[in-house]
Amino acid sequence: MNITAIIINGIAFAALIFAFIKDKDKAVKSIKIAFKSFIKMLPVVLIMIIAIGLLLGFVPPEQISRFVGEQSGVGGILLVGVVGALMHIPALLSFPLAASILENGASVTAVVAFITTLTMIGMITLPLEIKILGKKMALLRNGISFVIAILIAFIMGMIL
Amino acid sequence: MKPNEKQADQRKKMIRSWIFFGITIVFVVVLLSIFPEKTGPVTSTAQEYFIEMMVILPAVMIIMGLFSVFIPNEKVVKYLGKTSGIKGMAISILIGTIPTGPLYIAFPMAATLLKKGARVSNIIVFLSAWACIKIPQELVELRFLGVEFMFLRLILTVIFVILMGVIIERIIERDKRGNIMDKKRGE
């Protein structure tokens, strides 16, 4: 267990104790919800972990770096951004995937582009967003989000 | 959707993901029997990431569970409805970071707020924060990608999201004014 894991567990533990002191029933309900969401998420987590295992086991770092590494260029980054916008996986699970390709030859820019478009833009939920918030607002939000995600990616790539 | 239907729907979704998991396992077993030399690297990587995930996931879920029970959505709508200016922006971001479910839950909330007269910029910031600056997400990002990466991306995201909110508000307000002018000319 490293330090961040300890901090995260510490926060959860402290919050839980505080919740129990404040309202026992609500605290119990929170744990039930947490347990349910954990079980619900588990198969997706396992699939993701297996996917990372296969990716790193079968695709050599040179290949990863060729597609999403330093030399992939602006076109490569845009492509990664589009993939992120189209994919519909829980954001929580995109981080281990991002870390695994970052350790194996992907560039910071590509990884940031992927995570940021993945979380900000939802092509699958876009029809719903248009229906509820209107075409103009939904399209502007998703369109501009894509642009800023790419900008953030390049800025991070320059700094880190 | 009625509670019963919702439950049945969720159960269906879960069964589907377990089936998908089963298919994945079969696929992996077949693949590794064709390439037995890959078994070592694949299982050791998977095991490493499994442990990394399991030491934080229960805690992250507990934090999310606590938030969803102690801060219900109605409260969020109440707070966001009466904000403005820089303070409004800050509150929009803070409330957006509270982990209470996926983005599509926030759409109806945003629509309600807009009808009640909330500023477009605040709503855009709120939606974007909801989408990508959630507390559990930041914790997992911290764990896997490090302090520097997480904080830098967080700061940049906040800056650009506020900028986006202002730009979209300008566009939408301008178009509205344009429409009114057109109507007046037509009269």
# chains A, B, ... in the order shown; residues from 1 in each chain; ligands from 1
$ closest_atom_pairs --of "chain A" --to "chain B" --cutoff "6 Å" --atoms "only C-alpha atoms" --output "JSON lines"
{"residue": "A:Thr4", "atom": "CA", "partner": "B:Arg143", "partner_atom": "CA", "distance": 5.7}
{"residue": "A:Ala5", "atom": "CA", "partner": "B:Ile56", "partner_atom": "CA", "distance": 5.8}
{"residue": "A:Asn9", "atom": "CA", "partner": "B:Ala59", "partner_atom": "CA", "distance": 5.3}
{"residue": "A:Ala12", "atom": "CA", "partner": "B:Ala59", "partner_atom": "CA", "distance": 5.3}
{"residue": "A:Ser30", "atom": "CA", "partner": "B:Gly65", "partner_atom": "CA", "distance": 4.5}
{"residue": "A:Ile33", "atom": "CA", "partner": "B:Gly65", "partner_atom": "CA", "distance": 5.4}
{"residue": "A:Ala34", "atom": "CA", "partner": "B:Gly65", "partner_atom": "CA", "distance": 4.8}
{"residue": "A:Pro43", "atom": "CA", "partner": "B:Trp18", "partner_atom": "CA", "distance": 5.7}
{"residue": "A:Ile47", "atom": "CA", "partner": "B:Phe21", "partner_atom": "CA", "distance": 5.9}
{"residue": "A:Ile49", "atom": "CA", "partner": "B:Ala46", "partner_atom": "CA", "distance": 5.5}
{"residue": "A:Ile50", "atom": "CA", "partner": "B:Ala46", "partner_atom": "CA", "distance": 5.7}
{"residue": "A:Gly53", "atom": "CA", "partner": "B:Val42", "partner_atom": "CA", "distance": 4.5}
{"residue": "A:Leu54", "atom": "CA", "partner": "B:Val42", "partner_atom": "CA", "distance": 5.6}
{"residue": "A:Gly57", "atom": "CA", "partner": "B:Val42", "partner_atom": "CA", "distance": 4.8}
{"residue": "A:Leu92", "atom": "CA", "partner": "B:Gln137", "partner_atom": "CA", "distance": 5.4}
{"residue": "A:Phe95", "atom": "CA", "partner": "B:Glu141", "partner_atom": "CA", "distance": 5.7}
{"residue": "A:Pro96", "atom": "CA", "partner": "B:Phe144", "partner_atom": "CA", "distance": 5.9}
{"residue": "A:Ala99", "atom": "CA", "partner": "B:Leu145", "partner_atom": "CA", "distance": 5.9}
{"residue": "A:Thr119", "atom": "CA", "partner": "B:Cys132", "partner_atom": "CA", "distance": 5.1}
{"residue": "A:Met120", "atom": "CA", "partner": "B:Ala131", "partner_atom": "CA", "distance": 5.4}
{"residue": "A:Leu133", "atom": "CA", "partner": "B:Ala111", "partner_atom": "CA", "distance": 5.9}
$ write_last_selection --atoms "C-alpha atoms" --output "PDB file, in the first residue's frame"
ATOM      1  CA  THR A   4      -2.073   7.855  -1.690  1.00  0.00           C
ATOM      2  CA  ALA A   5      -3.944   4.624  -1.035  1.00  0.00           C
ATOM      3  CA  ASN A   9      -8.741   5.050   2.808  1.00  0.00           C
ATOM      4  CA  ALA A  12     -13.189   7.364   3.643  1.00  0.00           C
ATOM      5  CA  SER A  30     -24.494   4.976   2.492  1.00  0.00           C
ATOM      6  CA  ILE A  33     -25.235   2.083  -1.611  1.00  0.00           C
ATOM      7  CA  ALA A  34     -21.437   1.845  -1.672  1.00  0.00           C
ATOM      8  CA  PRO A  43     -17.301  -6.873 -13.673  1.00  0.00           C
ATOM      9  CA  ILE A  47     -12.707  -6.587 -17.738  1.00  0.00           C
ATOM     10  CA  ILE A  49      -7.853  -4.998 -15.736  1.00  0.00           C
ATOM     11  CA  ILE A  50      -7.746  -7.967 -18.107  1.00  0.00           C
ATOM     12  CA  GLY A  53      -2.976  -7.138 -18.981  1.00  0.00           C
ATOM     13  CA  LEU A  54      -3.539  -8.141 -22.608  1.00  0.00           C
ATOM     14  CA  GLY A  57       1.401  -8.413 -22.595  1.00  0.00           C
ATOM     15  CA  LEU A  92     -12.661   5.942 -12.730  1.00  0.00           C
ATOM     16  CA  PHE A  95      -6.972   6.241 -15.052  1.00  0.00           C
ATOM     17  CA  PRO A  96      -5.378   2.793 -14.633  1.00  0.00           C
ATOM     18  CA  ALA A  99      -1.246   4.980 -16.383  1.00  0.00           C
ATOM     19  CA  THR A 119     -14.800  12.492 -19.164  1.00  0.00           C
ATOM     20  CA  MET A 120     -16.033  15.768 -20.683  1.00  0.00           C
ATOM     21  CA  LEU A 133     -30.863  21.105 -22.884  1.00  0.00           C
TER      22      LEU A 133
END
$ residues_around --residues "Glu173 (chain B)" --least-positions-apart "3" --cutoff "12 Å" --atoms "only C-alpha atoms" --output "VMD selection string"
(chain A and resid 136 to 137) or (chain B and resid 119 to 121 166 to 170 176 to 180)
$ write_last_selection --atoms "N, CA and C atoms" --output "PDB file, in the first residue's frame"
ATOM      1  N   LYS A 136     -28.541  23.689 -29.421  1.00  0.00           N
ATOM      2  CA  LYS A 136     -27.454  24.658 -29.457  1.00  0.00           C
ATOM      3  C   LYS A 136     -26.502  24.464 -28.265  1.00  0.00           C
ATOM      4  N   MET A 137     -27.088  24.400 -27.077  1.00  0.00           N
ATOM      5  CA  MET A 137     -26.277  24.317 -25.869  1.00  0.00           C
ATOM      6  C   MET A 137     -25.488  23.004 -25.823  1.00  0.00           C
TER       7      MET A 137
ATOM      8  N   ARG B 119     -27.723  31.415 -14.563  1.00  0.00           N
ATOM      9  CA  ARG B 119     -26.932  31.886 -15.699  1.00  0.00           C
ATOM     10  C   ARG B 119     -26.394  30.717 -16.507  1.00  0.00           C
ATOM     11  N   VAL B 120     -26.376  30.901 -17.832  1.00  0.00           N
ATOM     12  CA  VAL B 120     -25.881  29.855 -18.727  1.00  0.00           C
ATOM     13  C   VAL B 120     -24.452  29.468 -18.372  1.00  0.00           C
ATOM     14  N   SER B 121     -23.610  30.469 -18.094  1.00  0.00           N
ATOM     15  CA  SER B 121     -22.206  30.169 -17.801  1.00  0.00           C
ATOM     16  C   SER B 121     -22.077  29.267 -16.573  1.00  0.00           C
ATOM     17  N   VAL B 166     -18.226  31.111 -20.153  1.00  0.00           N
ATOM     18  CA  VAL B 166     -18.418  32.512 -20.557  1.00  0.00           C
ATOM     19  C   VAL B 166     -18.690  32.607 -22.059  1.00  0.00           C
ATOM     20  N   ILE B 167     -17.906  31.849 -22.845  1.00  0.00           N
ATOM     21  CA  ILE B 167     -18.072  31.906 -24.307  1.00  0.00           C
ATOM     22  C   ILE B 167     -19.470  31.417 -24.719  1.00  0.00           C
ATOM     23  N   ILE B 168     -19.889  30.293 -24.170  1.00  0.00           N
ATOM     24  CA  ILE B 168     -21.196  29.747 -24.559  1.00  0.00           C
ATOM     25  C   ILE B 168     -22.312  30.697 -24.139  1.00  0.00           C
ATOM     26  N   GLU B 169     -22.150  31.315 -22.963  1.00  0.00           N
ATOM     27  CA  GLU B 169     -23.172  32.272 -22.527  1.00  0.00           C
ATOM     28  C   GLU B 169     -23.271  33.439 -23.507  1.00  0.00           C
ATOM     29  N   ARG B 170     -22.103  33.962 -23.918  1.00  0.00           N
ATOM     30  CA  ARG B 170     -22.098  35.060 -24.894  1.00  0.00           C
ATOM     31  C   ARG B 170     -22.845  34.660 -26.158  1.00  0.00           C
ATOM     32  N   LYS B 176     -30.081  35.108 -28.734  1.00  0.00           N
ATOM     33  CA  LYS B 176     -31.399  35.464 -28.196  1.00  0.00           C
ATOM     34  C   LYS B 176     -31.742  36.895 -28.577  1.00  0.00           C
ATOM     35  N   ARG B 177     -30.770  37.800 -28.341  1.00  0.00           N
ATOM     36  CA  ARG B 177     -31.001  39.206 -28.687  1.00  0.00           C
ATOM     37  C   ARG B 177     -31.291  39.332 -30.173  1.00  0.00           C
ATOM     38  N   GLY B 178     -30.519  38.590 -30.980  1.00  0.00           N
ATOM     39  CA  GLY B 178     -30.710  38.611 -32.427  1.00  0.00           C
ATOM     40  C   GLY B 178     -32.130  38.227 -32.790  1.00  0.00           C
ATOM     41  N   ASN B 179     -32.642  37.187 -32.148  1.00  0.00           N
ATOM     42  CA  ASN B 179     -34.000  36.724 -32.433  1.00  0.00           C
ATOM     43  C   ASN B 179     -35.032  37.796 -32.110  1.00  0.00           C
ATOM     44  N   ILE B 180     -34.827  38.449 -30.970  1.00  0.00           N
ATOM     45  CA  ILE B 180     -35.782  39.480 -30.558  1.00  0.00           C
ATOM     46  C   ILE B 180     -35.790  40.626 -31.582  1.00  0.00           C
TER      47      ILE B 180
END
$ select_by_dssp --residues "region 81-155 of chain A" --states "alpha helix (DSSP H)" --output "NGL selection string"
:A and (81-86 or 91-103 or 108-120 or 126-133 or 135-155)
$ atom_distance --atom1 "CA of Ile123 (chain B)" --atom2 "CA of Leu86 (chain A)"
23.3 Å
$ closest_residue --among "A:Met87, A:Ser100, A:Phe154, A:Gly143" --to "Val112 (chain A)" --atoms "only C-alpha atoms"
A:Phe154
$ decode --residues "region 62-112 of chain B" --atoms "C-alpha atoms" --output "short mmCIF file (atom, residue, chain, number, x, y, z; two decimals), in the first residue's frame"
data_model
loop_
_atom_site.label_atom_id
_atom_site.label_comp_id
_atom_site.auth_asym_id
_atom_site.auth_seq_id
_atom_site.Cartn_x
_atom_site.Cartn_y
_atom_site.Cartn_z
CA ILE B 62 -17.82 4.61 0.44
CA ILE B 63 -17.08 8.29 -0.22
CA MET B 64 -19.52 8.29 -3.15
CA GLY B 65 -22.18 6.51 -1.08
CA LEU B 66 -21.87 9.02 1.76
CA PHE B 67 -22.23 11.96 -0.60
CA SER B 68 -25.26 10.54 -2.36
CA VAL B 69 -27.10 10.00 0.93
CA PHE B 70 -26.06 13.13 2.81
CA ILE B 71 -26.28 15.58 -0.10
CA PRO B 72 -29.40 14.82 -2.15
CA ASN B 73 -29.89 16.34 -5.59
CA GLU B 74 -32.70 18.65 -4.44
CA LYS B 75 -30.23 20.41 -2.18
CA VAL B 76 -27.81 20.85 -5.05
CA VAL B 77 -30.50 22.47 -7.19
CA LYS B 78 -31.44 24.77 -4.32
CA TYR B 79 -27.88 26.01 -3.83
CA LEU B 80 -27.13 26.47 -7.50
CA GLY B 81 -30.37 28.31 -8.24
CA LYS B 82 -29.39 31.41 -6.34
CA THR B 83 -25.79 32.00 -7.31
CA SER B 84 -24.13 34.62 -9.48
CA GLY B 85 -20.79 36.19 -10.32
CA ILE B 86 -17.44 34.74 -9.31
CA LYS B 87 -19.00 33.25 -6.22
CA GLY B 88 -21.55 31.55 -8.47
CA MET B 89 -18.78 30.08 -10.61
CA ALA B 90 -16.97 28.76 -7.54
CA ILE B 91 -20.13 27.23 -6.15
CA SER B 92 -20.97 25.67 -9.54
CA ILE B 93 -17.58 23.98 -9.62
CA LEU B 94 -17.73 22.85 -6.00
CA ILE B 95 -21.20 21.41 -6.35
CA GLY B 96 -20.26 19.77 -9.63
CA THR B 97 -17.43 17.92 -7.90
CA ILE B 98 -19.81 16.23 -5.46
CA PRO B 99 -20.02 12.64 -6.61
CA THR B 100 -23.68 11.90 -7.13
CA GLY B 101 -23.98 9.81 -10.22
CA PRO B 102 -23.33 9.95 -13.96
CA LEU B 103 -23.60 13.01 -16.19
CA TYR B 104 -27.05 12.24 -17.55
CA ILE B 105 -28.49 12.78 -14.07
CA ALA B 106 -27.19 16.34 -14.22
CA PHE B 107 -28.97 17.23 -17.51
CA PRO B 108 -32.48 17.49 -16.04
CA MET B 109 -31.04 19.37 -13.06
CA ALA B 110 -29.39 21.83 -15.43
CA ALA B 111 -32.61 22.24 -17.41
CA THR B 112 -34.59 22.98 -14.23
#
